[in-house]
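Trainee: Structure provided below as structure tokens; questions to follow.
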Amino acid sequence: MLLLSPDQHTDYQLIDSGRFEKLERFGPYILSRPEPQAIWDKSLSEEEWEKQSNAVFKKDKNSQEKGQWVSKGDMPERWVFQYRTKDLHLRSKLILSSFKHVGVFPEQATNWDYITKTLKQMPEEKPSVLNLFAYTGIASLAAKSAGADVTHVDSIKQVISWSRENMQLSGLDNIRWVVEDAMKFVQREVRRGNQYNGIILDPPAYGRGPDGEKWLLEESLNELLRLCALLLKKENYFFIINLYSLGFSALIVENLIKAHFGTQDGHEFGELFIPDSFGKKLPLGVFSRFSDQKDTHEV
């Protein structure tokens with residue numbers, strides 16, 4: 001089992017974590033927001049957190065998810081985040097949303113790199129990639145920048161619009177946008193006999209489709225993976241799944257992958273984390289990934 005952390009961020013830093021919060025820098029701005037897994041003590045004082053923060057997320061009393069940001073100074077409601085390596089230059093609009101998220105999950109950078117390297121090794125001229133529960137589309141941008149034909153599926157129309165803005169900010173085009181429930185889309189693709197070189201999954205613990213379809217991770221994931229196994233091509237392929245749900249371990253994901261995809265050479269599974277500047281490792285979800293491109297595990 002692997003512990004993976006991104007190591008090429010210049011526009012992001014986890015400064016401190018603890019007392020169910022995290023202090024993060026996105027570009028020039030520092031945010032303080034809830035983090036349920038940071039159960040330890042903070043390294044910096046509350047006064048220092050307050051001094052450094054440009055904006056603090058305050059949860060509503062009657063909600064575990066929703067709240068509002070309290071900003072100070074010249075903190076904008078929107079700004080641009082960049083992820084730059086020798087192979088990638090991705091740009092994303094960030095927003096102080098009412099659900100504490102800002103539009104990017106920095107721990108996923110290790111998967112953006114994996115997607116890029118895997119696709120560049122494929123002999124096909126234009127590999128096809130399906131990104132489900134694709135949110136603001138950074139993984140879609142990574143795949144597109146590596147030359148893939150990308151289908152981006154999310155159930156929220158406003159998030160698709162946000163993703164399209166990110167594509168334009170990154171100087172890319174021609175991503176296929178689909179506003180639909182992920183399960184319904186996958187079922188239809190299986191009936192049509194379509195297949196993809198790459199599949200990316202980042203399902204939430206719970207959610208609703210555009211027509212009120214109910215998604216519960218523990219009830220639906222097994223069937224979704226069964227269908228995805230039918231959609232994945234038998235050569236020149238990769239598969240990535242990320243889960244941020246406190247009830248799911250990496251071993252559960254390993255069992256599901258082996259049940260539906262068989263034993264894969266180079267299969268990696270484990271936890272994603274980001275260390276804060278004091279060395280505390282903040283866990284940020286479990287993952288599983290594999291490909292038939294033989295040295296992508298070196299990412």
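Identifiers in the structure tokens: chain A, B, ... in order shown; residue index from 1 per chain; ligand index from 1 in order shown.
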Would you please extract all alpha helix (DSSP H) residues from segment 145-182 of chain A, as assigned by DSSP on the backbone, and give them as JSON, numbers by chain?
Mentor: {"A": [145, 157, 158, 159, 160, 161, 162, 163, 164, 165, 166, 167, 168, 169, 182]}
Trainee: Would you write out those residues with all heavy atoms, as a short mmCIF file (atom, residue, chain, number, x, y, z; two decimals), in the first residue's frame?
Mentor:
```cif
data_model
loop_
_atom_site.label_atom_id
_atom_site.label_comp_id
_atom_site.auth_asym_id
_atom_site.auth_seq_id
_atom_site.Cartn_x
_atom_site.Cartn_y
_atom_site.Cartn_z
N SER A 145 -4.41 17.94 -22.35
CA SER A 145 -3.10 18.51 -22.67
C SER A 145 -2.11 17.44 -23.12
O SER A 145 -1.13 17.75 -23.80
CB SER A 145 -2.54 19.28 -21.47
OG SER A 145 -2.20 18.38 -20.43
N LYS A 157 -24.84 21.54 -13.97
CA LYS A 157 -24.59 22.37 -15.14
C LYS A 157 -23.63 23.51 -14.83
O LYS A 157 -22.75 23.84 -15.65
CB LYS A 157 -25.91 22.91 -15.68
CG LYS A 157 -25.79 23.66 -16.98
CD LYS A 157 -27.15 24.08 -17.51
CE LYS A 157 -27.04 24.81 -18.83
NZ LYS A 157 -28.39 25.21 -19.35
N GLN A 158 -23.77 24.14 -13.65
CA GLN A 158 -22.90 25.27 -13.31
C GLN A 158 -21.43 24.83 -13.18
O GLN A 158 -20.52 25.59 -13.51
CB GLN A 158 -23.36 25.91 -12.00
CG GLN A 158 -24.74 26.54 -12.08
CD GLN A 158 -25.83 25.58 -11.64
OE1 GLN A 158 -25.74 24.38 -11.89
NE2 GLN A 158 -26.85 26.11 -10.97
N VAL A 159 -21.22 23.61 -12.70
CA VAL A 159 -19.86 23.10 -12.57
C VAL A 159 -19.26 22.81 -13.95
O VAL A 159 -18.07 23.03 -14.18
CB VAL A 159 -19.84 21.83 -11.68
CG1 VAL A 159 -18.47 21.16 -11.71
CG2 VAL A 159 -20.21 22.20 -10.25
N ILE A 160 -20.09 22.34 -14.89
CA ILE A 160 -19.62 22.16 -16.26
C ILE A 160 -19.18 23.50 -16.86
O ILE A 160 -18.15 23.59 -17.53
CB ILE A 160 -20.72 21.52 -17.13
CG1 ILE A 160 -21.01 20.08 -16.68
CG2 ILE A 160 -20.34 21.57 -18.61
CD1 ILE A 160 -20.01 19.05 -17.09
N SER A 161 -19.95 24.55 -16.59
CA SER A 161 -19.57 25.88 -17.08
C SER A 161 -18.24 26.32 -16.48
O SER A 161 -17.39 26.91 -17.17
CB SER A 161 -20.67 26.90 -16.73
OG SER A 161 -21.88 26.57 -17.37
N TRP A 162 -18.04 26.04 -15.21
CA TRP A 162 -16.78 26.34 -14.52
C TRP A 162 -15.64 25.57 -15.19
O TRP A 162 -14.56 26.14 -15.47
CB TRP A 162 -16.93 25.95 -13.06
CG TRP A 162 -15.84 26.35 -12.12
CD1 TRP A 162 -14.58 26.80 -12.41
CD2 TRP A 162 -15.91 26.31 -10.68
NE1 TRP A 162 -13.87 27.04 -11.27
CE2 TRP A 162 -14.67 26.75 -10.20
CE3 TRP A 162 -16.90 25.94 -9.79
CZ2 TRP A 162 -14.40 26.81 -8.82
CZ3 TRP A 162 -16.64 26.01 -8.43
CH2 TRP A 162 -15.40 26.44 -7.96
N SER A 163 -15.87 24.31 -15.48
CA SER A 163 -14.85 23.48 -16.13
C SER A 163 -14.48 24.04 -17.50
O SER A 163 -13.30 24.04 -17.89
CB SER A 163 -15.34 22.04 -16.28
OG SER A 163 -15.70 21.49 -15.04
N ARG A 164 -15.49 24.51 -18.24
CA ARG A 164 -15.23 25.08 -19.56
C ARG A 164 -14.35 26.33 -19.44
O ARG A 164 -13.43 26.54 -20.25
CB ARG A 164 -16.54 25.41 -20.25
CG ARG A 164 -16.37 25.86 -21.69
CD ARG A 164 -17.70 26.18 -22.35
NE ARG A 164 -18.45 24.98 -22.67
CZ ARG A 164 -19.55 24.59 -22.04
NH1 ARG A 164 -20.03 25.31 -21.04
NH2 ARG A 164 -20.19 23.50 -22.42
N GLU A 165 -14.60 27.14 -18.42
CA GLU A 165 -13.75 28.31 -18.18
C GLU A 165 -12.31 27.88 -17.91
O GLU A 165 -11.36 28.50 -18.39
CB GLU A 165 -14.28 29.12 -17.00
CG GLU A 165 -15.52 29.93 -17.28
CD GLU A 165 -15.87 30.83 -16.11
OE1 GLU A 165 -15.03 31.68 -15.75
OE2 GLU A 165 -16.97 30.66 -15.54
N ASN A 166 -12.14 26.81 -17.12
CA ASN A 166 -10.79 26.33 -16.82
C ASN A 166 -10.09 25.83 -18.08
O ASN A 166 -8.87 26.02 -18.24
CB ASN A 166 -10.86 25.20 -15.78
CG ASN A 166 -11.28 25.70 -14.42
OD1 ASN A 166 -11.19 26.90 -14.12
ND2 ASN A 166 -11.76 24.81 -13.58
N MET A 167 -10.82 25.18 -18.97
CA MET A 167 -10.26 24.75 -20.25
C MET A 167 -9.73 25.95 -21.03
O MET A 167 -8.61 25.92 -21.56
CB MET A 167 -11.32 24.00 -21.06
CG MET A 167 -10.86 23.56 -22.44
SD MET A 167 -12.20 22.83 -23.45
CE MET A 167 -13.21 24.28 -23.77
N GLN A 168 -10.54 27.00 -21.09
CA GLN A 168 -10.13 28.18 -21.84
C GLN A 168 -8.95 28.87 -21.18
O GLN A 168 -8.02 29.33 -21.87
CB GLN A 168 -11.33 29.12 -21.97
CG GLN A 168 -12.45 28.54 -22.81
CD GLN A 168 -13.75 29.31 -22.70
OE1 GLN A 168 -13.92 30.17 -21.82
NE2 GLN A 168 -14.72 29.01 -23.56
N LEU A 169 -8.96 28.94 -19.83
CA LEU A 169 -7.83 29.54 -19.12
C LEU A 169 -6.53 28.79 -19.39
O LEU A 169 -5.44 29.39 -19.40
CB LEU A 169 -8.10 29.53 -17.61
CG LEU A 169 -9.03 30.59 -17.05
CD1 LEU A 169 -9.38 30.27 -15.59
CD2 LEU A 169 -8.40 31.98 -17.14
N ALA A 182 -23.85 10.06 -13.55
CA ALA A 182 -22.75 9.21 -14.00
C ALA A 182 -23.20 7.78 -14.27
O ALA A 182 -22.80 7.17 -15.27
CB ALA A 182 -21.63 9.22 -12.96
#
```
Trainee: Taking 2 positions as the minimum chain separation for residues in the same chain, which residues sit within 8 Å of Ile274 of chain A when counting only C-alpha atoms? Answer as a list in words.
Mentor: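 Skipping anything fewer than 2 positions along the chain leaves Ser5, Pro6, Leu14, Glu107, Leu272, Asp276, Lys281, Leu282, Pro283 and Leu284 of chain A.
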Trainee: Would you put the residues from that selection into a file with N, CA and C atoms, as a compact mmCIF listing (two decimals), in the first residue's frame?
Mentor:
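Saved result, part33.txt, follows:
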```txt
# COMPACT_ATOMS: atom_id res chain seq x y z
N SER A 5 2.05 11.74 -2.17
CA SER A 5 1.87 13.17 -1.94
C SER A 5 2.46 13.94 -3.12
N PRO A 6 1.78 14.97 -3.62
CA PRO A 6 2.34 15.76 -4.72
C PRO A 6 3.58 16.52 -4.28
N LEU A 14 0.20 23.60 2.19
CA LEU A 14 -0.51 23.34 3.43
C LEU A 14 0.37 23.85 4.56
N GLU A 107 -4.20 17.59 -3.58
CA GLU A 107 -3.62 16.25 -3.41
C GLU A 107 -3.72 15.42 -4.69
N LEU A 272 -3.74 9.15 -0.36
CA LEU A 272 -3.17 10.43 -0.75
C LEU A 272 -3.07 11.30 0.50
N ASP A 276 1.88 19.15 6.15
CA ASP A 276 1.94 20.58 6.41
C ASP A 276 3.39 20.98 6.68
N LYS A 281 1.19 14.77 8.52
CA LYS A 281 0.67 14.26 7.26
C LYS A 281 -0.86 14.21 7.31
N LEU A 282 -1.48 15.04 6.49
CA LEU A 282 -2.94 15.11 6.46
C LEU A 282 -3.48 14.14 5.41
N PRO A 283 -4.22 13.07 5.81
CA PRO A 283 -4.79 12.14 4.83
C PRO A 283 -5.95 12.78 4.09
N LEU A 284 -5.97 12.59 2.77
CA LEU A 284 -6.98 13.25 1.94
C LEU A 284 -7.62 12.29 0.95
```
Trainee: List every residue of segment 170-262 of chain A that DSSP, applied to the backbone of this structure, places in strand (DSSP E or B), and write the result as a list of chain:residue names.
Mentor: A:Arg176, A:Trp177, A:Val178, A:Val179, A:Tyr196, A:Gly198, A:Ile199, A:Ile200, A:Leu201, A:Tyr206, A:Gly207, A:Arg208, A:Lys214, A:Trp215, A:Leu216, A:Leu232, A:Phe238, A:Phe239, A:Ile240, A:Ile241, A:Asn242, A:Leu243
Trainee: Using only C-alpha atoms, determine which residues lie at most 9 Å from Gly18 of chain A, disregarding the query and same-chain residues fewer than 2 positions distant; provide the list as a ChimeraX atom specification.
Mentor: /A:16,20-23,35,37-43
Trainee: Near segment 209-222 of chain A, counting only C-alpha atoms, which residues have an atom at most 8 Å away, once you skip same-chain residues fewer than 3 positions from it, shown as number ranges by chain?
Mentor: A: 155-156, 179-182, 203-206, 225-226, 256
Trainee: Leaving out Asp60 of chain A and any residue of its chain fewer than 5 positions from it, which residues lie within 12 Å of it when counting only C-alpha atoms, given as JSON, numbers by chain?
Mentor: {"A": [34, 65, 66, 67, 68, 69, 98, 99, 100]}
Trainee: Take the residues just selected and output them with all heavy atoms as an mmCIF file, in the first residue's frame.
Mentor:
```cif
data_model
loop_
_atom_site.group_PDB
_atom_site.id
_atom_site.type_symbol
_atom_site.label_atom_id
_atom_site.label_comp_id
_atom_site.auth_asym_id
_atom_site.auth_seq_id
_atom_site.Cartn_x
_atom_site.Cartn_y
_atom_site.Cartn_z
ATOM 1 N N PRO A 34 -12.562 24.076 7.393
ATOM 2 C CA PRO A 34 -12.685 22.834 8.155
ATOM 3 C C PRO A 34 -11.997 21.649 7.481
ATOM 4 O O PRO A 34 -11.930 21.574 6.250
ATOM 5 C CB PRO A 34 -14.206 22.615 8.209
ATOM 6 C CG PRO A 34 -14.802 23.957 7.988
ATOM 7 C CD PRO A 34 -13.874 24.653 7.044
ATOM 8 N N GLU A 65 -22.138 20.900 6.104
ATOM 9 C CA GLU A 65 -21.444 21.202 4.856
ATOM 10 C C GLU A 65 -21.453 22.685 4.506
ATOM 11 O O GLU A 65 -20.431 23.255 4.168
ATOM 12 C CB GLU A 65 -22.088 20.408 3.702
ATOM 13 C CG GLU A 65 -21.957 18.898 3.833
ATOM 14 C CD GLU A 65 -20.541 18.413 3.625
ATOM 15 O OE1 GLU A 65 -19.777 19.098 2.919
ATOM 16 O OE2 GLU A 65 -20.191 17.348 4.162
ATOM 17 N N LYS A 66 -22.619 23.318 4.595
ATOM 18 C CA LYS A 66 -22.744 24.689 4.113
ATOM 19 C C LYS A 66 -22.270 25.695 5.155
ATOM 20 O O LYS A 66 -22.238 25.432 6.351
ATOM 21 C CB LYS A 66 -24.196 24.981 3.723
ATOM 22 C CG LYS A 66 -24.690 24.184 2.538
ATOM 23 C CD LYS A 66 -25.983 24.740 1.999
ATOM 24 C CE LYS A 66 -25.783 26.064 1.299
ATOM 25 N NZ LYS A 66 -27.005 26.564 0.624
ATOM 26 N N GLY A 67 -21.922 26.872 4.667
ATOM 27 C CA GLY A 67 -21.478 27.945 5.540
ATOM 28 C C GLY A 67 -21.161 29.173 4.715
ATOM 29 O O GLY A 67 -21.646 29.331 3.596
ATOM 30 N N GLN A 68 -20.320 30.043 5.276
ATOM 31 C CA GLN A 68 -19.942 31.244 4.558
ATOM 32 C C GLN A 68 -18.503 31.610 4.885
ATOM 33 O O GLN A 68 -17.976 31.267 5.937
ATOM 34 C CB GLN A 68 -20.879 32.397 4.898
ATOM 35 C CG GLN A 68 -20.928 32.741 6.372
ATOM 36 C CD GLN A 68 -21.938 33.829 6.669
ATOM 37 O OE1 GLN A 68 -22.361 34.574 5.790
ATOM 38 N NE2 GLN A 68 -22.342 33.944 7.931
ATOM 39 N N TRP A 69 -17.902 32.317 3.952
ATOM 40 C CA TRP A 69 -16.532 32.778 4.123
ATOM 41 C C TRP A 69 -16.529 34.177 4.726
ATOM 42 O O TRP A 69 -17.316 35.032 4.325
ATOM 43 C CB TRP A 69 -15.803 32.809 2.780
ATOM 44 C CG TRP A 69 -15.513 31.453 2.215
ATOM 45 C CD1 TRP A 69 -16.310 30.716 1.396
ATOM 46 C CD2 TRP A 69 -14.340 30.680 2.448
ATOM 47 N NE1 TRP A 69 -15.707 29.531 1.082
ATOM 48 C CE2 TRP A 69 -14.486 29.476 1.714
ATOM 49 C CE3 TRP A 69 -13.172 30.866 3.181
ATOM 50 C CZ2 TRP A 69 -13.515 28.479 1.704
ATOM 51 C CZ3 TRP A 69 -12.199 29.878 3.172
ATOM 52 C CH2 TRP A 69 -12.375 28.701 2.449
ATOM 53 N N SER A 98 -19.969 28.190 -1.010
ATOM 54 C CA SER A 98 -20.708 28.027 0.244
ATOM 55 C C SER A 98 -20.574 26.623 0.826
ATOM 56 O O SER A 98 -21.136 26.329 1.876
ATOM 57 C CB SER A 98 -22.188 28.347 0.022
ATOM 58 O OG SER A 98 -22.751 27.469 -0.930
ATOM 59 N N PHE A 99 -19.821 25.742 0.143
ATOM 60 C CA PHE A 99 -19.596 24.382 0.639
ATOM 61 C C PHE A 99 -18.134 24.175 1.037
ATOM 62 O O PHE A 99 -17.642 23.056 1.017
ATOM 63 C CB PHE A 99 -19.995 23.355 -0.416
ATOM 64 C CG PHE A 99 -21.484 23.248 -0.589
ATOM 65 C CD1 PHE A 99 -22.141 24.021 -1.536
ATOM 66 C CD2 PHE A 99 -22.237 22.398 0.199
ATOM 67 C CE1 PHE A 99 -23.517 23.925 -1.697
ATOM 68 C CE2 PHE A 99 -23.611 22.299 0.044
ATOM 69 C CZ PHE A 99 -24.250 23.066 -0.906
ATOM 70 N N LYS A 100 -17.420 25.246 1.353
ATOM 71 C CA LYS A 100 -16.023 25.281 1.815
ATOM 72 C C LYS A 100 -15.007 24.953 0.740
ATOM 73 O O LYS A 100 -13.813 25.227 0.913
ATOM 74 C CB LYS A 100 -15.805 24.379 3.041
ATOM 75 C CG LYS A 100 -15.565 22.896 2.746
ATOM 76 C CD LYS A 100 -15.320 22.095 4.013
ATOM 77 C CE LYS A 100 -15.105 20.622 3.693
ATOM 78 N NZ LYS A 100 -14.882 19.802 4.882
#
```
Trainee: Of the residues A:Ile30, A:Ala109, A:Leu251, A:Val286, which is the one nearest to Asp202 of chain A, using only C-alpha atoms?
Mentor: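 Of A:Ile30, A:Ala109, A:Leu251, A:Val286, the one nearest Asp202 of chain A, counting only C-alpha atoms, is A:Val286.
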Trainee: Do you know which residues are at most 7 Å from Lys126 of chain A counting only C-alpha atoms, after dropping those on the same chain fewer than 2 positions away, and could you put them as a ChimeraX atom specification?
Mentor: /A:124,128,147-149
Trainee: I'd like the interatomic distance between atom CA of Gln82 of chain A and atom CA of Val150 of chain A, to a tenth of an Å.
Mentor: 20.6 Å
Trainee: Do you have the atom CA of Thr118 of chain A-atom CA of Phe287 of chain A distance handy?
Mentor: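 Interatomic distance, atom CA of Thr118 of chain A to atom CA of Phe287 of chain A: 16.5 Å.
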Trainee: Which value, in Å to one decimal, gives the distance between atom CA of Leu172 of chain A and atom CA of Leu90 of chain A?
Mentor: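 Here the two named atoms are 9.4 Å from each other.
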